[in-house]
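Chemist: Below are the structure tokens for one structure; questions will follow.
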Amino acid sequence: MSGSFFLRKRLNTLFFCALVLALTIIAIIITEYDVVKGFTSVPKAAEWAVSNFVPNEKAMDKLPDIIDKLLETLLVSIAATSTAAVFALVFAVLGSQKTGIGGPFSMISRWIATVFRNIDVAAWSMILLFSFGQNVLTGYLALFFCSFGFLTRAFMESIDEMSMSSVEALRATGAGYIHIVAHSVIPSSLPQLISWVLFTIETNIRQATLIGILTGTGIGFLFNLYYKSLNYASASLAVIAIVVAIMIIESVSNYVRRVIM
Amino acid sequence: MHANTNIPAKPFNKSSFVIRMTLLMLVALTLFGLLTFDYKDLVLSEAIRKTGDTLGTMLIEPHAKHFTFGEALGQVTITIGLAFLTTLFGAVIALFLALLTARNLSRPAVSLAIKSVVAFIRAVPTVLWVLIFAVAAGLGSVAAVIGMTFHSISYLVKAYSESIEELEDGVIEALRASGAGWWQIVFQAVLPSSISYIISWTFVRFEINFAVAVAMGAAAGAGGIGFDMFMASNFYFDIREIGFITYMILAFAILLELLARWIKRKLAVNA
């Protein structure tokens with residue numbers, strides 16, 4: 001009995017490993033991935049980065065431009081996340097299983113969240129590029145739509161996880177729907193919600209770089225400009241600026257999270 | 001006797017103070033941003049109307065002109081292949097690093113060192129990693145996979161080491177007392193108890209990597225369906241083709257989500 005248990009377990013493991021190996025080989029073939037080059041490119045890239053990808057005197061002249069664009073990107077990320085959070089909160093409260101008004105609206109709001117979340121940020125930026133052009137609003141709206149989808153789902157789950165006793169207590173006193181939401185649902189899930197908002201801001205700053213490259217706005221555009229004109233010293237300065245900004249935002253939000261949770 | 005002299009109605013509470021300050025800051029920065037952005041005399045109503053039209057055309061009349069349905073399917077498979085390789089390489093390397101990072105298995109100095117390196121890697125956006133590797137390896141699947149792997153490693157090390165740290169100290173202590181070595185502790189206690197978390201985090205990352213692989217195709221010439229989307233929008237200006245590609249990506253993203261949910265349910269049953 002125990003022998004066959006271990007045998008089965010071992011066969012399962014073996015089968016799993018074989019499956020992964022087969023999938024890997026298929027993936028390597030269809031993506032035309034060069035395994036040897038994969039290994040050798042890491043030290044090569046490191047060597048190149050150490051000798052070329054460091055800011056020099058001339059790059060320092062670009063620092064004001066870089067800081068300017070970086071601040072714009074930071075503000076776009078924060079503004080997009082905050083406004084998306086307001087809309088997401090409305091949809092999450094109405095769509096949640098616990099506080100939702102039920103019926104078709106709950107379904108519709110879940111459905112909207114899934115669609116918005118799964119249309120990729122790259123697709124959004126290209127769609128918006130057609131009508132908004134190289135504008136700061138292109139990046140703002142692309143981030144807004146993706147954050148809206150993500151936050152609606154995250155908020156919904158946080159509200160669903162909340163304990164219902166305070167809602168029941170308020171309902172017993174005869175409080176109306178709006179009172180229950182404003183005095184019980186939102187206050188008790190607020191730390192969770194803020195934590196999600198901070199997380200989204202961090203992700204959005206990184207996403208904003210990508211969107212910037214695709215739509216020609218913000219710090220991503222500046223990096224791409226330096227990169228394409230082989231001005232690697234300035235490009236590296238842009239990378240360092242991004243890293244510093246993200247690390248500052250991360251430590252601020254870690255502090256806030258530690259205090260409020 | 002005055003009952004209500006010096007007792008404030010609500011004692012000072014650090015956490016609610018921080019919550020209020022955070023909300024205030026977010027509102028202030030949002031307003032400041034929205035008021036000071038350089039909109040370059042964009043006519044907002046016009047642009048919104050045009051976006052609505054574009055979205056309508058895109059979603060209602062999708063077509064594929066520059067490739068057949070089969071070719072598009074092949075391109076999506078390439079994107080999934082990129083995501084798969086990235087996730088696999090990332091997961092294997094991250095698992096080793098996570099064992100060295102988890103506080104209950106490693107020394108504080110080693111743990112701190114890895115954590116700071118990983119935090120740095122995470123702070124650099126994926127697309128920049130891919131572009132940096134593209135200089136050394138040329139644009140293509142190698143740069144994309146290696147660049148994306150960097151980011152996956154940093155994400156997974158954090159997720160894995162946090163799930164390993166949830167293991168009770170008693171288990172490790174008991175094994176150590178019985179004379180088990182480090183590898184024995186890892187294989188007999190740590191991995192069996194955290195494997196379901198590890199697998200579910202890996203799948204979360206696989207879903208993310210699929211989206212990232214699409215974006216890398218568009219932004220860094222990594223191939224796959226993302227590259228077709230880039231061509232459709234920047235060279236053919238064919239909004240209907242973008243619609244078709246968006247539907248393809250949406251379908252596969254939802255499929256991956258269902259697969260992840262199915263695997264999570266299976267793991268929950270087995271655990």
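All residue names refer to the structure tokens as shown: chains lettered A, B, ... in order, residues numbered from 1 in each chain, ligands numbered from 1 in order.
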Which residues of chain B come within 6 Å of chain A, and for each one, what is the closest pair of atoms and their distance in Å to one decimal, counting only C-alpha atoms, sorted by chain and residue number, as a tab-separated table?

Modeler:
```
residue	atom	partner	partner_atom	distance
B:Ser15	CA	A:Ile260	CA	4.7
B:Thr30	CA	A:Ala79	CA	4.2
B:Gly33	CA	A:Leu75	CA	5.3
B:Ala47	CA	A:Ser131	CA	5.4
B:Lys50	CA	A:Ser131	CA	5.7
B:Thr51	CA	A:Ser131	CA	5.6
B:Ile78	CA	A:Thr31	CA	5.4
B:Gly81	CA	A:Ala27	CA	4.5
B:Ala123	CA	A:Val243	CA	5.2
B:Val124	CA	A:Val243	CA	5.7
B:Pro125	CA	A:Arg206	CA	5.1
B:Phe133	CA	A:Ala45	CA	5.8
B:Ala136	CA	A:Ala45	CA	5.0
B:Ala137	CA	A:Ser41	CA	5.6
B:Ser141	CA	A:Tyr33	CA	5.7
B:Val142	CA	A:Gly38	CA	5.6
B:Ala215	CA	A:Ala122	CA	5.6
B:Leu250	CA	A:Asn118	CA	5.8
```

Chemist: If you run DSSP on this backbone, which residues of segment 51-123 of chain A come out as helix (DSSP H, G or I), and could you give them as a PyMOL selection string?

Modeler: chain A and resi 51-52+57-60+63-95+103-118+121-123

Chemist: Suppose we keep C-alpha atoms; can you now write the selection as an mmCIF file, in the first residue's frame?

Modeler:
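Output contents, as saved in part.cif:
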```cif
data_model
loop_
_atom_site.group_PDB
_atom_site.id
_atom_site.type_symbol
_atom_site.label_atom_id
_atom_site.label_comp_id
_atom_site.auth_asym_id
_atom_site.auth_seq_id
_atom_site.Cartn_x
_atom_site.Cartn_y
_atom_site.Cartn_z
ATOM 1 C CA SER A 51 31.983 50.328 -19.903
ATOM 2 C CA ASN A 52 29.249 52.192 -21.833
ATOM 3 C CA GLU A 57 29.882 64.718 -17.815
ATOM 4 C CA LYS A 58 27.887 65.449 -20.953
ATOM 5 C CA ALA A 59 24.929 63.407 -19.731
ATOM 6 C CA MET A 60 24.731 65.583 -16.633
ATOM 7 C CA LEU A 63 19.662 66.015 -15.971
ATOM 8 C CA PRO A 64 17.149 68.916 -15.796
ATOM 9 C CA ASP A 65 15.271 67.510 -18.819
ATOM 10 C CA ILE A 66 15.278 64.057 -17.286
ATOM 11 C CA ILE A 67 14.021 65.271 -13.894
ATOM 12 C CA ASP A 68 11.342 67.335 -15.594
ATOM 13 C CA LYS A 69 10.022 64.368 -17.605
ATOM 14 C CA LEU A 70 10.359 62.039 -14.622
ATOM 15 C CA LEU A 71 8.195 64.324 -12.474
ATOM 16 C CA GLU A 72 5.620 64.460 -15.250
ATOM 17 C CA THR A 73 5.598 60.655 -15.453
ATOM 18 C CA LEU A 74 5.266 60.347 -11.668
ATOM 19 C CA LEU A 75 2.353 62.784 -11.611
ATOM 20 C CA VAL A 76 0.653 61.008 -14.513
ATOM 21 C CA SER A 77 0.950 57.669 -12.700
ATOM 22 C CA ILE A 78 -0.404 59.059 -9.430
ATOM 23 C CA ALA A 79 -3.221 60.986 -11.080
ATOM 24 C CA ALA A 80 -4.259 58.022 -13.234
ATOM 25 C CA THR A 81 -4.249 55.670 -10.247
ATOM 26 C CA SER A 82 -6.184 57.986 -7.930
ATOM 27 C CA THR A 83 -8.905 58.816 -10.437
ATOM 28 C CA ALA A 84 -9.155 55.159 -11.460
ATOM 29 C CA ALA A 85 -9.476 54.235 -7.772
ATOM 30 C CA VAL A 86 -12.524 56.493 -7.354
ATOM 31 C CA PHE A 87 -14.336 54.858 -10.269
ATOM 32 C CA ALA A 88 -13.147 51.400 -9.227
ATOM 33 C CA LEU A 89 -14.538 51.932 -5.722
ATOM 34 C CA VAL A 90 -18.009 52.727 -7.081
ATOM 35 C CA PHE A 91 -17.972 49.683 -9.347
ATOM 36 C CA ALA A 92 -16.516 47.425 -6.643
ATOM 37 C CA VAL A 93 -19.122 48.429 -4.033
ATOM 38 C CA LEU A 94 -21.945 47.941 -6.498
ATOM 39 C CA GLY A 95 -20.510 44.714 -7.880
ATOM 40 C CA GLY A 103 -28.940 41.389 -10.341
ATOM 41 C CA PRO A 104 -27.492 42.269 -13.715
ATOM 42 C CA PHE A 105 -25.441 45.205 -12.427
ATOM 43 C CA SER A 106 -23.149 42.973 -10.397
ATOM 44 C CA MET A 107 -22.493 40.834 -13.450
ATOM 45 C CA ILE A 108 -21.940 43.827 -15.707
ATOM 46 C CA SER A 109 -19.477 45.425 -13.328
ATOM 47 C CA ARG A 110 -17.471 42.201 -12.998
ATOM 48 C CA TRP A 111 -17.511 41.802 -16.755
ATOM 49 C CA ILE A 112 -16.301 45.359 -17.328
ATOM 50 C CA ALA A 113 -13.471 44.802 -14.851
ATOM 51 C CA THR A 114 -12.345 41.625 -16.651
ATOM 52 C CA VAL A 115 -12.367 43.255 -20.076
ATOM 53 C CA PHE A 116 -10.517 46.385 -18.971
ATOM 54 C CA ARG A 117 -7.944 44.351 -17.076
ATOM 55 C CA ASN A 118 -7.205 42.011 -19.937
ATOM 56 C CA VAL A 121 -1.699 48.430 -21.652
ATOM 57 C CA ALA A 122 0.199 48.329 -24.963
ATOM 58 C CA ALA A 123 -3.090 47.935 -26.842
#
```

Chemist: What separation in Å, quoted to one decimal, exists between atom CA of Ala72 of chain B and atom CA of Gly226 of chain B?

Modeler: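 Between these atoms lies a distance of 10.5 Å.
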